[in-house]
Amino acid sequence: MAKTFDGFNRLLEKVRESSHDFVVTTEIFPNLDVERVARDMNLADEGKNRGTLEQPSKSSKSLDDIELAVVGKVQDAKSTAYNNLEDQLQLFAARLGSLDFEGQFSDIHKANAEGVSDFKAEIVKGRNELHGLRRALNAAEEDYADFRKRHRITRAPRVSEGYVWFFKVSFLFFLFLVESIMNGIFLAKGSDMGIVGGITEAFSFSFLNIGIALVFALFCVSLVAHRSYFLKLFGVVSIVLYAGLAVALNLGLAHYREVTGSILEDAGPLVMNRILTDPLGLTDIKSWLLFGIGLMFSIFASIDGWYLRDPYPGYAGVYKRLLAARSKYSTRQEELIEDLLSVRDDHNEKVDFIIKSLSGRRREHNAIIAHRAKLLSLFVQYQEQLERTANVLLKRYREANVKARSDSPPKYFDNAWKLDRIKPTKAGESELTDKDVADSIRNAQAELSEQIRNIAAVCDDGIDQYRELDRLHPETAANG
């Protein structure tokens, strides 16, 4: 379900974009130092010199060159501040645009619609997959029930699994190993290689002894449990045949020990001759002991092989196929349910994050608006400050001028200079207000919360659909 909720994944990436902290500052407005400006422009001396020359004239109505220079410096500071302000306002507008509330709200509507559809599509895929597994399980159940009916079996099958099967197989290897060692010890008589030579010879005898018992137990003797009388008869004959082979083989091994301790060219004919003429003519008690141990190990191997699987031919196999189909179906069913729950929880976590992020973006929006308003207010105050600064500078020049004059100064010397204010660009009418953002976010959060409930309902319905297959297709065979 990696591609489920792609709309929410894209939306999540958007809301995870880093936000900025806005700190109110006046550093964008150039600071005018009255003392420094007065000193750099030499206003006191200029006023005194021009006053001595009776300039500007008494009848003058406009600012003279020195006063215009002072006003020009103030106007330059105002223009620089305004340009800086416009740059900041553009940054604020860009940041507000990057919040893209309208786009996010549109994406939320789209993601909600896509999310439910994607989830339902995944449920349909899972249900189709389970249908195939359920049909396979039904076929296995029908085969199992048919097998029990045709063979009139009412008992549960005997199946060795896990540690039980491991123990039974290990016991066979143990029998083979122990018999090989014990036979080797007995066969060491007269061998040039001693015990090692005896074990080497005994290995083949033990393999044959255990192997014959196991093969007869698994494939022949078990036929006595079959419903077919012909196969039952074959099973009984197999028991007699196995008993004869086991006795003959172990008698042959005992005679072989008495004939020689190592393999010679004429050992085989001598052993066969003794078995045919005098099979019970063993003269050494150790030979009889070897015969008894070999026969006992053969019987043990036969019994272990009998219990290694169900004695009725084919019964364990059809039951194992049923168990495998049932396990595959139930395992996949649980996996699909876990997938649905995991995707639902992942979706809910993303939605919760988006809901919280929308509130955070509203705070960011308000911070930008407040910072912009504060900056505009500071610009208004800055223009007032520039006007006061200009009048202070003009006053210093005029006072020095008046003191140096013998005639009356121009009447405009008594008037304060007025700065033409600049009105910053207003925000667009289409810009969202805090109320608009708050209402939209509240609606979006309500819609997202409803989406969580919808996904939960769809998830529960999907789980019910997965489990509905068990009710539509009940097991027709006993569990055994």
# chains A, B, ... in the order shown; residues from 1 in each chain; ligands from 1

$ residues_around --residues "A:Arg152" --least-positions-apart "5" --cutoff "10 Å" --atoms "only C-alpha atoms" --output "list in words"
Asp146, Phe147 and Arg227 of chain A

$ residues_around --residues "stretch 438-452 of chain A" --least-positions-apart "4" --cutoff "8 Å" --atoms "only C-alpha atoms" --output "list in words"
Phe105, Ile108, Asn112, His347, Asn348, Val351, Ile355, Leu358, Ser359, Arg362, Asp434 and Ala456 of chain A

$ write_last_selection --atoms "N, CA, C and O atoms" --output "CSV table (one decimal), in the first residue's frame"
chain,number,residue,atom,x,y,z
A,105,PHE,N,-6.2,24.4,1.2
A,105,PHE,CA,-7.6,24.0,1.4
A,105,PHE,C,-8.1,23.2,0.2
A,105,PHE,O,-8.9,22.2,0.4
A,108,ILE,N,-6.7,19.8,0.4
A,108,ILE,CA,-7.3,19.0,1.4
A,108,ILE,C,-8.6,18.4,0.9
A,108,ILE,O,-8.9,17.2,1.1
A,112,ASN,N,-8.9,14.4,0.5
A,112,ASN,CA,-10.0,13.7,1.2
A,112,ASN,C,-10.7,12.7,0.2
A,112,ASN,O,-11.0,11.6,0.6
A,347,HIS,N,-2.2,7.2,8.1
A,347,HIS,CA,-3.1,8.3,7.6
A,347,HIS,C,-3.5,9.2,8.7
A,347,HIS,O,-3.4,10.4,8.5
A,348,ASN,N,-3.9,8.6,9.8
A,348,ASN,CA,-4.4,9.5,10.9
A,348,ASN,C,-3.3,10.3,11.5
A,348,ASN,O,-3.5,11.5,11.9
A,351,VAL,N,-2.8,13.2,9.1
A,351,VAL,CA,-3.9,14.2,9.2
A,351,VAL,C,-3.8,15.0,10.5
A,351,VAL,O,-4.0,16.2,10.5
A,355,ILE,N,-3.5,19.0,10.6
A,355,ILE,CA,-4.4,19.8,11.5
A,355,ILE,C,-3.6,20.8,12.4
A,355,ILE,O,-3.9,22.0,12.4
A,358,LEU,N,-1.8,23.5,10.3
A,358,LEU,CA,-2.7,24.6,9.9
A,358,LEU,C,-2.8,25.6,11.0
A,358,LEU,O,-2.8,26.9,10.7
A,359,SER,N,-2.9,25.2,12.2
A,359,SER,CA,-3.0,26.2,13.3
A,359,SER,C,-1.7,26.9,13.4
A,359,SER,O,-1.6,28.1,13.6
A,362,ARG,N,-1.5,29.5,10.7
A,362,ARG,CA,-2.3,30.7,11.1
A,362,ARG,C,-1.6,31.6,12.0
A,362,ARG,O,-1.6,32.8,11.8
A,434,ASP,N,-7.5,37.7,9.0
A,434,ASP,CA,-7.3,36.7,10.1
A,434,ASP,C,-8.7,35.9,10.3
A,434,ASP,O,-8.6,34.7,10.5
A,456,ALA,N,-11.6,5.4,9.2
A,456,ALA,CA,-11.8,4.3,10.2
A,456,ALA,C,-13.0,3.5,9.8
A,456,ALA,O,-12.9,2.2,10.0

$ residues_around --residues "stretch 50-61 of chain A" --least-positions-apart "5" --cutoff "6 Å" --atoms "only C-alpha atoms" --output "list in words"
Asn401, Ala404, Arg405, Pro409 and Pro410 of chain A

$ residues_around --residues "A:Pro424" --least-positions-apart "3" --cutoff "10 Å" --atoms "only C-alpha atoms" --output "ChimeraX atom specification"
/A:82-83,85-86,89,376,379-380,421,427

$ closest_residue --among "A:Ala457, A:Leu295, A:His365, A:Leu340" --to "A:Ala94" --atoms "only C-alpha atoms"
A:His365

$ residues_around --residues "A:Gln383" --least-positions-apart "3" --cutoff "10 Å" --atoms "only C-alpha atoms" --output "mmCIF file with C-alpha atoms, in the first residue's frame"
data_model
loop_
_atom_site.group_PDB
_atom_site.id
_atom_site.type_symbol
_atom_site.label_atom_id
_atom_site.label_comp_id
_atom_site.auth_asym_id
_atom_site.auth_seq_id
_atom_site.Cartn_x
_atom_site.Cartn_y
_atom_site.Cartn_z
ATOM 1 C CA PHE A 29 15.381 52.948 8.167
ATOM 2 C CA VAL A 74 16.149 64.562 4.722
ATOM 3 C CA GLN A 75 14.237 63.750 1.542
ATOM 4 C CA ALA A 77 16.729 59.576 3.875
ATOM 5 C CA LYS A 78 12.957 59.364 3.406
ATOM 6 C CA ALA A 81 13.622 54.345 3.971
ATOM 7 C CA TYR A 82 10.636 54.046 1.665
ATOM 8 C CA LEU A 378 7.413 52.673 12.370
ATOM 9 C CA PHE A 379 7.680 54.218 8.899
ATOM 10 C CA VAL A 380 5.034 56.791 9.821
ATOM 11 C CA LEU A 386 12.713 63.150 9.773
ATOM 12 C CA GLU A 387 10.491 66.223 9.821
ATOM 13 C CA ARG A 388 11.640 67.086 13.356
ATOM 14 C CA THR A 389 15.252 66.464 12.391
ATOM 15 C CA LEU A 419 7.643 66.957 5.142
ATOM 16 C CA ASP A 420 5.515 65.487 2.368
ATOM 17 C CA ARG A 421 4.450 62.117 3.697
ATOM 18 C CA ILE A 422 4.640 58.947 1.570
#

$ residues_around --residues "A:Ile239" --least-positions-apart "4" --cutoff "12 Å" --atoms "only C-alpha atoms" --output "list in words"
Ile212, Ala213, Val215, Phe216, Ala217, Leu218, Phe219, Cys220, Val221, Ser222, Leu223, Val224, Lys232, Leu233, Phe234, Gly235, Ala243, Gly244, Leu245, Ala246, Ile299 and Ser302 of chain A

$ write_last_selection --atoms "N, CA and C atoms" --output "PDB file, in the first residue's frame"
ATOM      1  N   ILE A 212      16.329 -51.207   5.364  1.00  0.00           N
ATOM      2  CA  ILE A 212      15.262 -52.161   5.035  1.00  0.00           C
ATOM      3  C   ILE A 212      14.084 -52.001   5.984  1.00  0.00           C
ATOM      4  N   ALA A 213      14.373 -51.851   7.282  1.00  0.00           N
ATOM      5  CA  ALA A 213      13.298 -51.698   8.264  1.00  0.00           C
ATOM      6  C   ALA A 213      12.489 -50.435   7.998  1.00  0.00           C
ATOM      7  N   VAL A 215      12.204 -48.662   5.090  1.00  0.00           N
ATOM      8  CA  VAL A 215      11.477 -48.716   3.825  1.00  0.00           C
ATOM      9  C   VAL A 215      10.218 -49.562   3.956  1.00  0.00           C
ATOM     10  N   PHE A 216      10.325 -50.711   4.590  1.00  0.00           N
ATOM     11  CA  PHE A 216       9.156 -51.576   4.768  1.00  0.00           C
ATOM     12  C   PHE A 216       8.112 -50.907   5.654  1.00  0.00           C
ATOM     13  N   ALA A 217       8.570 -50.205   6.725  1.00  0.00           N
ATOM     14  CA  ALA A 217       7.627 -49.568   7.637  1.00  0.00           C
ATOM     15  C   ALA A 217       6.863 -48.436   6.951  1.00  0.00           C
ATOM     16  N   LEU A 218       7.553 -47.665   6.103  1.00  0.00           N
ATOM     17  CA  LEU A 218       6.935 -46.501   5.483  1.00  0.00           C
ATOM     18  C   LEU A 218       6.061 -46.862   4.292  1.00  0.00           C
ATOM     19  N   PHE A 219       6.482 -47.800   3.473  1.00  0.00           N
ATOM     20  CA  PHE A 219       5.818 -48.014   2.190  1.00  0.00           C
ATOM     21  C   PHE A 219       5.108 -49.357   2.035  1.00  0.00           C
ATOM     22  N   CYS A 220       5.378 -50.296   2.928  1.00  0.00           N
ATOM     23  CA  CYS A 220       4.793 -51.635   2.749  1.00  0.00           C
ATOM     24  C   CYS A 220       3.917 -52.049   3.928  1.00  0.00           C
ATOM     25  N   VAL A 221       4.514 -52.056   5.114  1.00  0.00           N
ATOM     26  CA  VAL A 221       3.789 -52.533   6.300  1.00  0.00           C
ATOM     27  C   VAL A 221       2.577 -51.653   6.574  1.00  0.00           C
ATOM     28  N   SER A 222       2.698 -50.354   6.278  1.00  0.00           N
ATOM     29  CA  SER A 222       1.596 -49.435   6.555  1.00  0.00           C
ATOM     30  C   SER A 222       0.339 -49.773   5.759  1.00  0.00           C
ATOM     31  N   LEU A 223       0.479 -50.617   4.704  1.00  0.00           N
ATOM     32  CA  LEU A 223      -0.680 -50.959   3.878  1.00  0.00           C
ATOM     33  C   LEU A 223      -1.691 -51.832   4.627  1.00  0.00           C
ATOM     34  N   VAL A 224      -1.291 -52.402   5.749  1.00  0.00           N
ATOM     35  CA  VAL A 224      -2.236 -53.230   6.517  1.00  0.00           C
ATOM     36  C   VAL A 224      -3.394 -52.383   7.045  1.00  0.00           C
ATOM     37  N   LYS A 232      -4.309 -54.654   1.987  1.00  0.00           N
ATOM     38  CA  LYS A 232      -4.094 -55.214   3.325  1.00  0.00           C
ATOM     39  C   LYS A 232      -3.272 -56.499   3.234  1.00  0.00           C
ATOM     40  N   LEU A 233      -3.650 -57.337   2.271  1.00  0.00           N
ATOM     41  CA  LEU A 233      -2.920 -58.583   2.090  1.00  0.00           C
ATOM     42  C   LEU A 233      -1.466 -58.320   1.727  1.00  0.00           C
ATOM     43  N   PHE A 234      -1.276 -57.331   0.863  1.00  0.00           N
ATOM     44  CA  PHE A 234       0.092 -56.980   0.492  1.00  0.00           C
ATOM     45  C   PHE A 234       0.874 -56.494   1.705  1.00  0.00           C
ATOM     46  N   GLY A 235       0.196 -55.786   2.612  1.00  0.00           N
ATOM     47  CA  GLY A 235       0.851 -55.315   3.820  1.00  0.00           C
ATOM     48  C   GLY A 235       1.242 -56.460   4.738  1.00  0.00           C
ATOM     49  N   ALA A 243      10.213 -59.570   8.130  1.00  0.00           N
ATOM     50  CA  ALA A 243      10.736 -60.390   9.220  1.00  0.00           C
ATOM     51  C   ALA A 243      11.784 -61.369   8.703  1.00  0.00           C
ATOM     52  N   GLY A 244      11.501 -61.992   7.545  1.00  0.00           N
ATOM     53  CA  GLY A 244      12.460 -62.932   6.981  1.00  0.00           C
ATOM     54  C   GLY A 244      13.762 -62.246   6.590  1.00  0.00           C
ATOM     55  N   LEU A 245      13.673 -61.076   5.955  1.00  0.00           N
ATOM     56  CA  LEU A 245      14.878 -60.350   5.547  1.00  0.00           C
ATOM     57  C   LEU A 245      15.687 -59.896   6.756  1.00  0.00           C
ATOM     58  N   ALA A 246      14.984 -59.403   7.796  1.00  0.00           N
ATOM     59  CA  ALA A 246      15.690 -58.929   8.984  1.00  0.00           C
ATOM     60  C   ALA A 246      16.434 -60.069   9.669  1.00  0.00           C
ATOM     61  N   ILE A 299      14.031 -53.794  14.521  1.00  0.00           N
ATOM     62  CA  ILE A 299      12.649 -53.651  15.007  1.00  0.00           C
ATOM     63  C   ILE A 299      12.401 -52.224  15.497  1.00  0.00           C
ATOM     64  N   SER A 302      11.952 -50.011  12.589  1.00  0.00           N
ATOM     65  CA  SER A 302      10.657 -50.250  11.954  1.00  0.00           C
ATOM     66  C   SER A 302       9.531 -49.560  12.726  1.00  0.00           C
TER      67      SER A 302
END

$ atom_distance --atom1 "atom CA of A:Asn128" --atom2 "atom CA of A:Asp346"
23.6 Å

$ atom_distance --atom1 "atom CA of A:Ile210" --atom2 "atom CA of A:Phe297"
7.3 Å
